[in-house]
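> Contents are PDB, C-alpha atoms; file name query-v8.pdb:
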```pdb
ATOM      1  CA  MET R  40      19.061 -13.914 -16.203
ATOM      2  CA  CYS R  41      19.271 -17.660 -15.693
ATOM      3  CA  THR R  42      15.580 -17.752 -14.801
ATOM      4  CA  ARG R  43      14.632 -15.780 -17.924
ATOM      5  CA  LEU R  44      12.346 -13.621 -15.770
ATOM      6  CA  LEU R  45      11.562  -9.946 -16.139
ATOM      7  CA  ASP R  46       9.873  -8.289 -13.156
ATOM      8  CA  LEU R  47       6.452  -6.749 -13.766
ATOM      9  CA  THR R  48       3.691  -5.416 -11.526
ATOM     10  CA  THR R  49      -0.081  -5.129 -11.732
ATOM     11  CA  ASN R  50      -0.009  -1.866  -9.746
ATOM     12  CA  PRO R  51       0.712   1.204 -11.930
ATOM     13  CA  LEU R  52       1.846   3.222  -8.889
ATOM     14  CA  VAL R  53       4.440   0.576  -8.051
ATOM     15  CA  ALA R  54       5.643   0.705 -11.658
ATOM     16  CA  LEU R  55       5.900   4.487 -11.376
ATOM     17  CA  TYR R  56       7.947   4.149  -8.176
ATOM     18  CA  PHE R  57      10.542   1.915  -9.822
ATOM     19  CA  ALA R  58      10.633   4.086 -12.942
ATOM     20  CA  CYS R  59      11.506   7.034 -10.685
ATOM     21  CA  GLU R  60      14.315   5.332  -8.782
ATOM     22  CA  GLU R  61      17.602   7.220  -8.922
ATOM     23  CA  TYR R  62      19.837   5.914 -11.695
ATOM     24  CA  GLY R  63      22.534   8.559 -11.978
ATOM     25  CA  LYS R  64      23.519  11.425 -14.229
ATOM     26  CA  VAL R  65      23.248  10.852 -17.979
ATOM     27  CA  CYS R  66      24.314  13.125 -20.810
ATOM     28  CA  TYR R  67      21.509  13.701 -23.323
ATOM     29  CA  LYS R  68      22.139  15.082 -26.793
ATOM     30  CA  GLY R  69      19.857  17.651 -28.357
ATOM     31  CA  ILE R  70      17.327  16.451 -30.925
ATOM     32  CA  GLU R  71      18.164  19.090 -33.514
ATOM     33  CA  ASP R  72      21.733  19.828 -32.472
ATOM     34  CA  GLU R  73      23.784  16.929 -31.078
ATOM     35  CA  GLU R  74      26.305  19.356 -29.650
ATOM     36  CA  ASP R  75      23.561  20.825 -27.489
ATOM     37  CA  THR R  76      24.000  18.383 -24.589
ATOM     38  CA  LYS R  77      22.366  18.282 -21.175
ATOM     39  CA  THR R  78      23.477  16.264 -18.150
ATOM     40  CA  GLN R  79      20.737  15.264 -15.736
ATOM     41  CA  GLU R  80      19.219  12.349 -13.834
ATOM     42  CA  ALA R  81      18.316   9.551 -16.251
ATOM     43  CA  ASN R  82      14.775   9.584 -17.581
ATOM     44  CA  GLY R  83      12.375   6.777 -16.697
ATOM     45  CA  VAL R  84       9.972   4.756 -18.825
ATOM     46  CA  ILE R  85       6.952   2.609 -17.984
ATOM     47  CA  PHE R  86       5.969  -0.074 -20.478
ATOM     48  CA  PHE R  87       2.702  -1.983 -20.300
ATOM     49  CA  ASN R  88       0.776  -4.702 -22.064
ATOM     50  CA  LYS R  89      -2.783  -5.957 -22.039
ATOM     51  CA  LYS R  90      -2.179  -9.698 -22.135
ATOM     52  CA  TYR R  91      -3.809 -12.050 -19.673
ATOM     53  CA  SER R  92      -1.522 -13.768 -17.207
ATOM     54  CA  VAL R  93      -1.149 -17.502 -16.652
ATOM     55  CA  SER R  94      -0.566 -19.579 -13.539
ATOM     56  CA  THR R  95       2.725 -21.206 -12.582
ATOM     57  CA  ASN R  96       0.908 -24.555 -12.625
ATOM     58  CA  GLU R  97       0.313 -24.525 -16.381
ATOM     59  CA  ILE R  98       2.356 -26.965 -18.445
ATOM     60  CA  ASN R  99       3.831 -24.190 -20.620
ATOM     61  CA  ILE R 100       5.315 -22.477 -17.562
ATOM     62  CA  LYS R 101       6.649 -25.722 -16.108
ATOM     63  CA  VAL R 102       8.425 -26.482 -19.385
ATOM     64  CA  ILE R 103      10.078 -23.050 -19.741
ATOM     65  CA  SER R 104      11.043 -22.954 -16.048
ATOM     66  CA  SER R 105      12.616 -26.398 -16.233
ATOM     67  CA  LEU R 106      14.477 -25.591 -19.440
ATOM     68  CA  SER R 107      16.137 -22.622 -17.732
ATOM     69  CA  GLN R 108      17.712 -25.076 -15.270
ATOM     70  CA  ILE R 109      19.024 -27.467 -17.916
ATOM     71  CA  ASP R 110      22.534 -27.020 -19.307
ATOM     72  CA  LEU R 111      22.040 -26.112 -22.963
ATOM     73  CA  SER R 112      25.652 -25.182 -23.640
ATOM     74  CA  ASN R 113      26.284 -28.586 -25.214
ATOM     75  CA  ASP R 114      24.456 -30.141 -28.126
ATOM     76  CA  ASN R 115      20.948 -31.039 -27.021
ATOM     77  CA  THR R 116      18.444 -32.823 -29.186
ATOM     78  CA  LEU R 117      14.686 -32.647 -28.960
ATOM     79  CA  GLU R 118      14.725 -36.230 -27.724
ATOM     80  CA  SER R 119      17.269 -35.579 -24.946
ATOM     81  CA  ILE R 120      15.518 -32.396 -23.824
ATOM     82  CA  LEU R 121      12.146 -34.118 -23.595
ATOM     83  CA  ARG R 122      13.731 -36.951 -21.622
ATOM     84  CA  LYS R 123      15.255 -34.472 -19.146
ATOM     85  CA  LEU R 124      11.911 -32.702 -18.767
ATOM     86  CA  THR R 125      10.287 -36.027 -17.970
ATOM     87  CA  GLU R 126      12.976 -36.822 -15.417
ATOM     88  CA  ARG R 127      12.306 -33.470 -13.762
ATOM     89  CA  GLN R 128       8.585 -34.318 -13.772
ATOM     90  CA  ALA R 129       7.828 -31.191 -15.770
ATOM     91  CA  ILE R 130       5.977 -33.303 -18.336
ATOM     92  CA  SER R 131       4.477 -36.777 -18.379
ATOM     93  CA  LYS R 132       5.856 -39.774 -20.252
ATOM     94  CA  GLU R 133       2.873 -39.552 -22.586
ATOM     95  CA  LEU R 134       3.734 -35.961 -23.533
ATOM     96  CA  GLU R 135       7.357 -36.920 -24.078
ATOM     97  CA  GLU R 136       6.355 -39.569 -26.606
ATOM     98  CA  ARG R 137       3.798 -37.278 -28.228
ATOM     99  CA  TRP R 138       6.193 -34.354 -28.725
ATOM    100  CA  LYS R 139       8.929 -36.597 -30.137
ATOM    101  CA  SER R 140       6.646 -37.583 -32.973
ATOM    102  CA  LYS R 141       6.631 -35.919 -36.369
ATOM    103  CA  GLU R 142       2.928 -35.148 -36.039
ATOM    104  CA  TYR R 143       3.058 -33.222 -32.736
ATOM    105  CA  TYR R 144       6.587 -31.866 -32.210
ATOM    106  CA  GLU R 145       5.428 -28.382 -33.256
ATOM    107  CA  GLU R 146       3.283 -28.194 -30.108
ATOM    108  CA  PHE R 147       6.465 -28.292 -28.042
ATOM    109  CA  ILE R 148       8.305 -25.824 -30.292
ATOM    110  CA  ASN R 149       5.400 -23.403 -30.022
ATOM    111  CA  ILE R 150       5.617 -23.564 -26.218
ATOM    112  CA  ILE R 151       9.356 -22.903 -25.978
ATOM    113  CA  GLN R 152       9.269 -20.038 -28.486
ATOM    114  CA  ASN R 153       6.552 -17.998 -26.798
ATOM    115  CA  ASN R 154       6.638 -15.541 -23.905
ATOM    116  CA  TYR R 155       4.278 -15.642 -20.935
ATOM    117  CA  ILE R 156       3.024 -13.202 -18.304
ATOM    118  CA  VAL R 157       3.044 -15.271 -15.118
ATOM    119  CA  THR R 158       1.141 -14.686 -11.887
ATOM    120  CA  PRO R 159       3.235 -16.212  -9.083
ATOM    121  CA  PRO R 160       1.866 -17.607  -5.815
ATOM    122  CA  TYR R 161       2.025 -14.719  -3.350
ATOM    123  CA  ASN R 162       3.856 -16.644  -0.630
ATOM    124  CA  ASN R 163       6.674 -14.104  -0.762
ATOM    125  CA  GLU R 164       5.999 -10.890   1.158
ATOM    126  CA  ARG R 165       7.999  -8.695  -1.194
ATOM    127  CA  LEU R 166       6.134 -10.071  -4.208
ATOM    128  CA  SER R 167       2.848  -9.482  -2.442
ATOM    129  CA  ARG R 168       3.686  -5.891  -1.499
ATOM    130  CA  GLN R 169       4.854  -5.079  -5.015
ATOM    131  CA  CYS R 170       1.905  -6.861  -6.704
ATOM    132  CA  GLY R 171       4.592  -8.693  -8.625
ATOM    133  CA  MET R 172       4.292 -10.645 -11.856
ATOM    134  CA  PHE R 173       6.871 -11.981 -14.300
ATOM    135  CA  LEU R 174       7.505 -12.050 -17.997
ATOM    136  CA  LEU R 175       8.851 -15.531 -18.708
ATOM    137  CA  ALA R 176      10.691 -15.495 -22.020
ATOM    138  CA  GLY R 177      10.762 -18.611 -24.187
ATOM    139  CA  CYS R 178      13.803 -17.792 -26.324
ATOM    140  CA  PHE R 179      14.831 -21.258 -27.499
ATOM    141  CA  ASN R 180      15.906 -22.019 -31.044
ATOM    142  CA  PHE R 181      14.911 -25.207 -32.823
ATOM    143  CA  VAL R 182      17.590 -26.434 -35.247
ATOM    144  CA  TYR R 183      15.665 -28.624 -37.672
ATOM    145  CA  THR R 184      17.119 -31.800 -39.171
ATOM    146  CA  GLU R 185      15.516 -34.604 -41.133
ATOM    147  CA  SER R 186      15.285 -36.596 -37.930
ATOM    148  CA  ILE R 187      12.840 -34.665 -35.735
ATOM    149  CA  SER R 188      13.935 -36.319 -32.505
ATOM    150  CA  GLN R 189      17.590 -35.515 -33.273
ATOM    151  CA  SER R 190      16.923 -31.858 -34.132
ATOM    152  CA  GLY R 191      18.709 -29.451 -31.802
ATOM    153  CA  ILE R 192      17.427 -27.171 -29.022
ATOM    154  CA  GLU R 193      19.570 -24.215 -27.990
ATOM    155  CA  LYS R 194      19.245 -20.931 -26.137
ATOM    156  CA  GLY R 195      18.591 -17.762 -28.080
ATOM    157  CA  TYR R 196      17.930 -14.104 -27.404
ATOM    158  CA  LYS R 197      15.492 -11.527 -28.698
ATOM    159  CA  ASP R 198      14.185  -8.023 -28.060
ATOM    160  CA  LEU R 199      11.284  -8.208 -25.606
ATOM    161  CA  ARG R 200      10.076  -4.709 -26.493
ATOM    162  CA  ASP R 201       7.522  -6.292 -28.827
ATOM    163  CA  GLU R 202       5.847  -7.905 -25.829
ATOM    164  CA  PHE R 203       4.617  -4.490 -24.720
ATOM    165  CA  ASP R 204       2.318  -1.888 -26.199
ATOM    166  CA  ARG R 205       3.976   0.529 -28.608
ATOM    167  CA  LYS R 206       2.822   3.382 -26.391
ATOM    168  CA  PHE R 207       4.623   4.020 -23.110
ATOM    169  CA  PHE R 208       4.829   6.487 -20.232
ATOM    170  CA  TYR R 209       7.860   8.762 -20.199
ATOM    171  CA  ILE R 210       9.140  10.244 -16.926
ATOM    172  CA  SER R 211      11.600  13.105 -17.062
ATOM    173  CA  GLY R 212      14.570  12.609 -14.763
ATOM    174  CA  GLU R 213      14.078  16.135 -13.442
ATOM    175  CA  ASN R 214      10.632  15.164 -12.108
ATOM    176  CA  LYS R 215      11.573  11.903 -10.413
ATOM    177  CA  LYS R 216      12.127  13.317  -6.929
ATOM    178  CA  ALA R 217       8.837  15.221  -6.883
ATOM    179  CA  ILE R 218       6.944  12.153  -8.112
ATOM    180  CA  LEU R 219       8.491   9.953  -5.401
ATOM    181  CA  GLU R 220       7.443  12.479  -2.754
ATOM    182  CA  GLU R 221       3.904  12.418  -4.138
ATOM    183  CA  LEU R 222       3.876   8.604  -4.185
ATOM    184  CA  ASP R 223       4.919   8.633  -0.534
ATOM    185  CA  THR R 224       1.621  10.322   0.325
ATOM    186  CA  TYR R 225      -0.101   7.283  -1.233
ATOM    187  CA  ASN R 226       2.026   4.982   0.930
ATOM    188  CA  ILE R 227       4.123   3.830  -2.013
ATOM    189  CA  ASN R 228       7.707   3.978  -0.784
ATOM    190  CA  GLU R 229      10.756   1.899   0.076
ATOM    191  CA  ALA R 230       9.367   0.855   3.456
ATOM    192  CA  THR R 231       6.044  -0.427   2.101
ATOM    193  CA  LEU R 232       7.434  -2.166  -0.993
ATOM    194  CA  PHE R 233      10.397  -3.874   0.668
ATOM    195  CA  PRO R 234       9.707  -5.799   3.906
ATOM    196  CA  GLU R 235      13.367  -6.265   4.860
ATOM    197  CA  LEU R 236      14.599  -4.349   7.915
ATOM    198  CA  GLU R 237      17.397  -2.631   5.998
ATOM    199  CA  HIS R 238      14.839  -0.960   3.743
ATOM    200  CA  GLN R 239      12.699   0.103   6.697
ATOM    201  CA  LEU R 240      15.722   1.761   8.303
ATOM    202  CA  SER R 241      16.795   3.345   5.021
ATOM    203  CA  TYR R 242      13.342   4.865   4.558
ATOM    204  CA  ILE R 243      13.294   6.251   8.108
ATOM    205  CA  LYS R 244      16.770   7.723   7.663
ATOM    206  CA  ASN R 245      15.897   9.390   4.361
ATOM    207  CA  LYS R 246      12.607  10.638   5.747
ATOM    208  CA  LYS R 247      14.365  12.161   8.733
ATOM    209  CA  ASN R 248      16.873  13.932   6.515
ATOM    210  CA  ALA R 249      14.245  15.175   4.077
ATOM    211  CA  LYS R 250      13.549  18.879   4.197
ATOM    212  CA  THR R 251       9.981  18.498   3.059
ATOM    213  CA  LYS R 252       7.295  18.580   5.710
ATOM    214  CA  ALA R 253       5.456  15.314   6.273
ATOM    215  CA  SER R 254       1.762  15.313   5.427
ATOM    216  CA  SER R 255      -0.592  15.493   8.381
ATOM    217  CA  GLU R 256      -3.681  13.367   8.853
ATOM    218  CA  PHE R 257      -6.704  14.620   6.907
ATOM    219  CA  ILE R 258      -9.288  16.458   9.017
ATOM    220  CA  LYS R 259     -12.448  17.815   7.415
ATOM    221  CA  PHE R 260     -12.849  21.523   8.130
ATOM    222  CA  ASP R 261     -15.845  22.597  10.182
ATOM    223  CA  SER R 262     -16.234  26.262  11.127
ATOM    224  CA  ASN R 263     -18.143  25.224  14.248
ATOM    225  CA  ASP R 264     -14.938  23.657  15.573
ATOM    226  CA  ILE R 265     -13.232  27.050  15.448
ATOM    227  CA  LYS R 266     -16.097  28.688  17.311
ATOM    228  CA  THR R 267     -15.962  25.959  19.931
ATOM    229  CA  GLN R 268     -12.198  26.346  20.320
ATOM    230  CA  ILE R 269     -12.532  30.120  20.699
ATOM    231  CA  ILE R 270     -15.216  29.722  23.342
ATOM    232  CA  LYS R 271     -13.234  27.099  25.248
ATOM    233  CA  SER R 272     -10.026  29.119  25.110
ATOM    234  CA  ASP R 273     -11.839  32.020  26.791
ATOM    235  CA  ILE R 274     -13.182  29.849  29.608
ATOM    236  CA  GLU R 275     -11.393  29.959  32.939
ATOM    237  CA  ILE R 276     -12.378  27.271  35.424
ATOM    238  CA  SER R 277     -11.069  26.829  38.930
ATOM    239  CA  GLU R 278      -8.691  23.909  39.378
ATOM    240  CA  ASN R 279     -10.566  22.890  42.532
ATOM    241  CA  ILE R 280     -14.018  23.109  40.994
ATOM    242  CA  ILE R 281     -14.799  19.515  41.963
ATOM    243  CA  LYS R 282     -14.465  20.478  45.643
ATOM    244  CA  ASN R 283     -16.940  23.320  45.249
ATOM    245  CA  LYS R 284     -20.252  22.229  46.823
ATOM    246  CA  ASN R 285     -22.154  24.812  44.803
ATOM    247  CA  PHE R 286     -20.862  23.192  41.589
ATOM    248  CA  LYS R 287     -22.135  19.760  42.606
ATOM    249  CA  ASP R 288     -25.483  21.099  43.805
ATOM    250  CA  THR R 289     -26.026  23.053  40.592
ATOM    251  CA  VAL R 290     -25.173  20.038  38.438
ATOM    252  CA  PHE R 291     -27.604  17.810  40.339
ATOM    253  CA  LYS R 292     -30.349  20.447  40.283
ATOM    254  CA  THR R 293     -29.975  21.217  36.560
ATOM    255  CA  LEU R 294     -29.866  17.601  35.412
ATOM    256  CA  SER R 295     -32.588  16.408  37.812
ATOM    257  CA  GLU R 296     -34.993  18.965  36.357
ATOM    258  CA  LYS R 297     -34.441  17.492  32.876
ATOM    259  CA  TYR R 298     -33.988  13.756  33.490
ATOM    260  CA  ASN R 299     -36.001  11.215  35.485
ATOM    261  CA  PHE R 300     -33.212   8.848  36.550
ATOM    262  CA  ASP R 301     -30.510   8.708  39.203
ATOM    263  CA  ILE R 302     -28.101  11.569  38.399
ATOM    264  CA  GLN R 303     -25.480  10.028  40.704
ATOM    265  CA  LYS R 304     -24.274   7.851  37.805
ATOM    266  CA  ILE R 305     -23.649  10.970  35.736
ATOM    267  CA  TRP R 306     -21.936  12.659  38.667
ATOM    268  CA  VAL R 307     -19.441   9.785  39.003
ATOM    269  CA  LEU R 308     -18.451  10.416  35.387
ATOM    270  CA  VAL R 309     -18.208  14.157  36.056
ATOM    271  CA  GLU R 310     -15.823  13.555  38.970
ATOM    272  CA  ASP R 311     -13.529  11.479  36.763
ATOM    273  CA  TRP R 312     -13.751  14.028  33.963
ATOM    274  CA  VAL R 313     -12.902  17.192  35.896
ATOM    275  CA  SER R 314     -10.018  15.492  37.724
ATOM    276  CA  ILE R 315      -7.991  15.683  34.493
ATOM    277  CA  ILE R 316      -5.911  18.772  33.732
ATOM    278  CA  ASP R 317      -7.616  21.048  31.173
ATOM    279  CA  TRP R 318     -10.533  18.624  31.124
ATOM    280  CA  TYR R 319     -12.792  21.108  29.342
ATOM    281  CA  ARG R 320     -10.247  21.832  26.570
ATOM    282  CA  GLN R 321      -9.068  18.353  25.577
ATOM    283  CA  GLU R 322     -11.343  16.948  22.884
ATOM    284  CA  SER R 323     -10.280  13.358  23.565
ATOM    285  CA  VAL R 324     -11.142  13.720  27.256
ATOM    286  CA  ILE R 325     -14.476  15.365  26.469
ATOM    287  CA  SER R 326     -15.261  12.624  23.967
ATOM    288  CA  ARG R 327     -14.541   9.928  26.556
ATOM    289  CA  PHE R 328     -16.930  11.630  28.991
ATOM    290  CA  LYS R 329     -19.663  11.789  26.349
ATOM    291  CA  VAL R 330     -19.304   8.074  25.622
ATOM    292  CA  GLY R 331     -19.732   7.303  29.319
ATOM    293  CA  VAL R 332     -22.826   9.520  29.505
ATOM    294  CA  GLN R 333     -24.298   7.803  26.451
ATOM    295  CA  ARG R 334     -23.986   4.424  28.176
ATOM    296  CA  VAL R 335     -25.893   5.743  31.198
ATOM    297  CA  LEU R 336     -28.596   7.205  28.966
ATOM    298  CA  LEU R 337     -28.944   3.963  26.991
ATOM    299  CA  GLU R 338     -29.401   2.086  30.265
ATOM    300  CA  ASN R 339     -32.229   4.481  31.091
ATOM    301  CA  GLY R 340     -34.308   4.010  27.955
ATOM    302  CA  PHE R 341     -32.772   6.470  25.478
ATOM    303  CA  ASN R 342     -32.073   5.309  21.931
ATOM    304  CA  LYS R 343     -28.643   5.808  20.348
ATOM    305  CA  GLU R 344     -29.489   9.037  18.548
ATOM    306  CA  GLU R 345     -31.136  10.560  21.617
ATOM    307  CA  ALA R 346     -28.231   9.482  23.829
ATOM    308  CA  LYS R 347     -25.734  11.144  21.484
ATOM    309  CA  ILE R 348     -27.653  14.441  21.427
ATOM    310  CA  GLU R 349     -28.197  14.487  25.194
ATOM    311  CA  SER R 350     -24.536  13.670  25.917
ATOM    312  CA  GLU R 351     -23.583  16.787  23.928
ATOM    313  CA  TYR R 352     -26.032  18.836  25.992
ATOM    314  CA  ILE R 353     -24.802  17.433  29.314
ATOM    315  CA  SER R 354     -21.098  17.970  28.551
ATOM    316  CA  ASP R 355     -21.714  21.562  27.431
ATOM    317  CA  LYS R 356     -23.909  22.213  30.464
ATOM    318  CA  ILE R 357     -21.252  20.895  32.871
ATOM    319  CA  VAL R 358     -18.663  23.254  31.361
ATOM    320  CA  ASP R 359     -21.114  26.187  31.579
ATOM    321  CA  ILE R 360     -21.905  25.459  35.222
ATOM    322  CA  ALA R 361     -18.226  25.089  36.113
ATOM    323  CA  SER R 362     -17.422  28.385  34.401
ATOM    324  CA  ILE R 363     -20.223  30.291  36.146
ATOM    325  CA  VAL R 364     -19.430  28.833  39.566
ATOM    326  CA  SER R 365     -15.712  29.608  39.131
ATOM    327  CA  GLU R 366     -16.480  33.200  38.166
ATOM    328  CA  ARG R 367     -18.722  33.690  41.197
ATOM    329  CA  SER R 368     -16.115  32.185  43.517
ATOM    330  CA  GLU R 369     -13.490  34.668  42.338
ATOM    331  CA  LYS R 370     -15.802  37.566  43.083
TER     332      LYS R 370
END
```
Just dump the structure as structure tokens.

Amino acid sequence: MCTRLLDLTTNPLVALYFACEEYGKVCYKGIEDEEDTKTQEANGVIFFNKKYSVSTNEINIKVISSLSQIDLSNDNTLESILRKLTERQAISKELEERWKSKEYYEEFINIIQNNYIVTPPYNNERLSRQCGMFLLAGCFNFVYTESISQSGIEKGYKDLRDEFDRKFFYISGENKKAILEELDTYNINEATLFPELEHQLSYIKNKKNAKTKASSEFIKFDSNDIKTQIIKSDIEISENIIKNKNFKDTVFKTLSEKYNFDIQKIWVLVEDWVSIIDWYRQESVISRFKVGVQRVLLENGFNKEEAKIESEYISDKIVDIASIVSERSEK
């Protein structure tokens, strides 16, 4: 690459995602018998290292980045390269003079022959989503001559495998698809790693065509919920219960015996509640009623914990009264 950059990430799950991307079928030879071949999806590998990263503002990074933009196909001397770096404002005039000297030229050579893990400014959304970093390779040869300033600088190449730990993570091609599906449950997928619209649409399309069932939102199991659902499913309440005078009278009588404030405020909430279809079966509707009751109770001197407990009692009592009144009306 002209930028001499190799993409890295600080997020191991992102690395796993890219290692599991589809590459295509590859023919693998057997370890003991080369004629024993197997064609499958290419295997993936994750390499890592433990080096500390550096900022893009450091002089080393400015030098390597600027060198990648300079034409090194022709003969370039140390003197001419340093002059071009100064012109590009990558280094100061003082550094140019220092690194041309016989005493300090090795400082410059050391910079251009080292590799760096670089943390970029996260002003790019894709970089930010992928927790991106870069390996900036300083593969520049120094052709020494008796005149230091006239010694040559030229591009070189080398194996960057040594920049990473000798250990690595191996992903079998046969497991890639299953791993990607698992990563999707952690919200690591094409849509979250690539902000562009085309990737969002591609993810939606692939998700729609996938045969696997999407994961549902986590809900902690509580056996009491089942009991409540069974009880509520058995309840039959008249659709016109709100028009039943006996229902209203019983509600007022029951709540007035327990509470010393104006029950009319509770009744207004009850009227809104029971006007909704299946009001006593919909948890979201019941929850909204309880919140309203809690506000009334807080206004009348109850603390938060008391208001929560009493709102549960009131909602259950309203359902009980409605059920009993409905049953009597049918008889």
> Of the candidates R:Ser362, R:Thr48, R:Ser131, R:Asn214, which shows the shortest atom-to-atom distance to Phe173 in chain R, using all atoms listed in the file?
R:Thr48
> Please determine, counting all atoms listed in the file, which residue among R:Glu202, R:Glu136, R:Asp46, R:Glu310 has the shortest atom-to-atom distance to Lys89 in chain R.
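With all atoms listed in the file as the atom set, the closest residue is R:Glu202.
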> Excluding Leu308 in chain R and any residue of its chain fewer than 5 positions from it, enumerate the residues within 9 Å of it, using only C-alpha atoms, and give them as a list in words.
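Non-adjacent residues within range: Gln303, Val313, Phe328, Gly331 and Val332 of chain R.
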> May I have the residues from that selection written out with C-alpha atoms, as a PDB file, in the frame of the given file?

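The result, written out as out14.pdb:
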```pdb
ATOM      1  CA  GLN R 303     -25.480  10.028  40.704  1.00  0.00           C
ATOM      2  CA  VAL R 313     -12.902  17.192  35.896  1.00  0.00           C
ATOM      3  CA  PHE R 328     -16.930  11.630  28.991  1.00  0.00           C
ATOM      4  CA  GLY R 331     -19.732   7.303  29.319  1.00  0.00           C
ATOM      5  CA  VAL R 332     -22.826   9.520  29.505  1.00  0.00           C
TER       6      VAL R 332
END
```
> I need the residue nearest Gln169 in chain R from this list: R:Ala129, R:Ile151, R:Leu232, R:Val307. Use only C-alpha atoms for the distance.
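Going through R:Ala129, R:Ile151, R:Leu232, R:Val307 one by one, the smallest distance to Gln169 in chain R is for R:Leu232.
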> Applied to the shown file, which residues does the PyMOL selection byres ((chain R and resi 53-56) around 8) return, written as number ranges by chain?
R: 47-48, 50-52, 57-60, 85, 169-170, 219, 222, 227-228
> On this file, the PyMOL selection byres ((chain R and resi 175) around 8) gives some set of residues; write that set as a short mmCIF file (atom, residue, chain, number, x, y, z; two decimals) with C-alpha atoms, in the coordinates of the input.

```cif
data_model
loop_
_atom_site.label_atom_id
_atom_site.label_comp_id
_atom_site.auth_asym_id
_atom_site.auth_seq_id
_atom_site.Cartn_x
_atom_site.Cartn_y
_atom_site.Cartn_z
CA ARG R 43 14.63 -15.78 -17.92
CA LEU R 44 12.35 -13.62 -15.77
CA LEU R 45 11.56 -9.95 -16.14
CA ILE R 100 5.32 -22.48 -17.56
CA ILE R 103 10.08 -23.05 -19.74
CA ASN R 154 6.64 -15.54 -23.90
CA TYR R 155 4.28 -15.64 -20.94
CA ILE R 156 3.02 -13.20 -18.30
CA VAL R 157 3.04 -15.27 -15.12
CA PHE R 173 6.87 -11.98 -14.30
CA LEU R 174 7.50 -12.05 -18.00
CA ALA R 176 10.69 -15.50 -22.02
CA GLY R 177 10.76 -18.61 -24.19
#
```
> Give me the residues near Phe203 in chain R as a list in words, where near means some atom within 10 Å (using all atoms listed in the file) and where sequence neighbours in that chain fewer than 6 positions away do not count.
Phe86, Phe87, Asn88, Lys89 and Lys90 of chain R
> Evaluate the PyMOL selection byres ((chain R and resi 122) around 12) and record the selected residues as a list in words, following the chain and residue labels used in the document.
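Taken over the shown coordinates, the PyMOL selection byres ((chain R and resi 122) around 12) returns Val102, Ser105, Leu106, Ile109, Asn115, Thr116, Leu117, Glu118, Ser119, Ile120, Leu121, Lys123, Leu124, Thr125, Glu126, Arg127, Gln128, Ala129, Ile130, Ser131, Lys132, Glu133, Leu134, Glu135, Glu136, Arg137, Trp138, Lys139 and Ser188 of chain R.
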> Report, in Å with one decimal, the straight-line distance from CA of Lys287 in chain R to CA of Tyr319 in chain R.
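One can read the CA of Lys287 in chain R to CA of Tyr319 in chain R distance as 16.3 Å.
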> Figure out the distance between CA of Asp223 in chain R and CA of Gln239 in chain R, please, to one decimal in Å.
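Computing it gives 13.6 Å between the two atoms.
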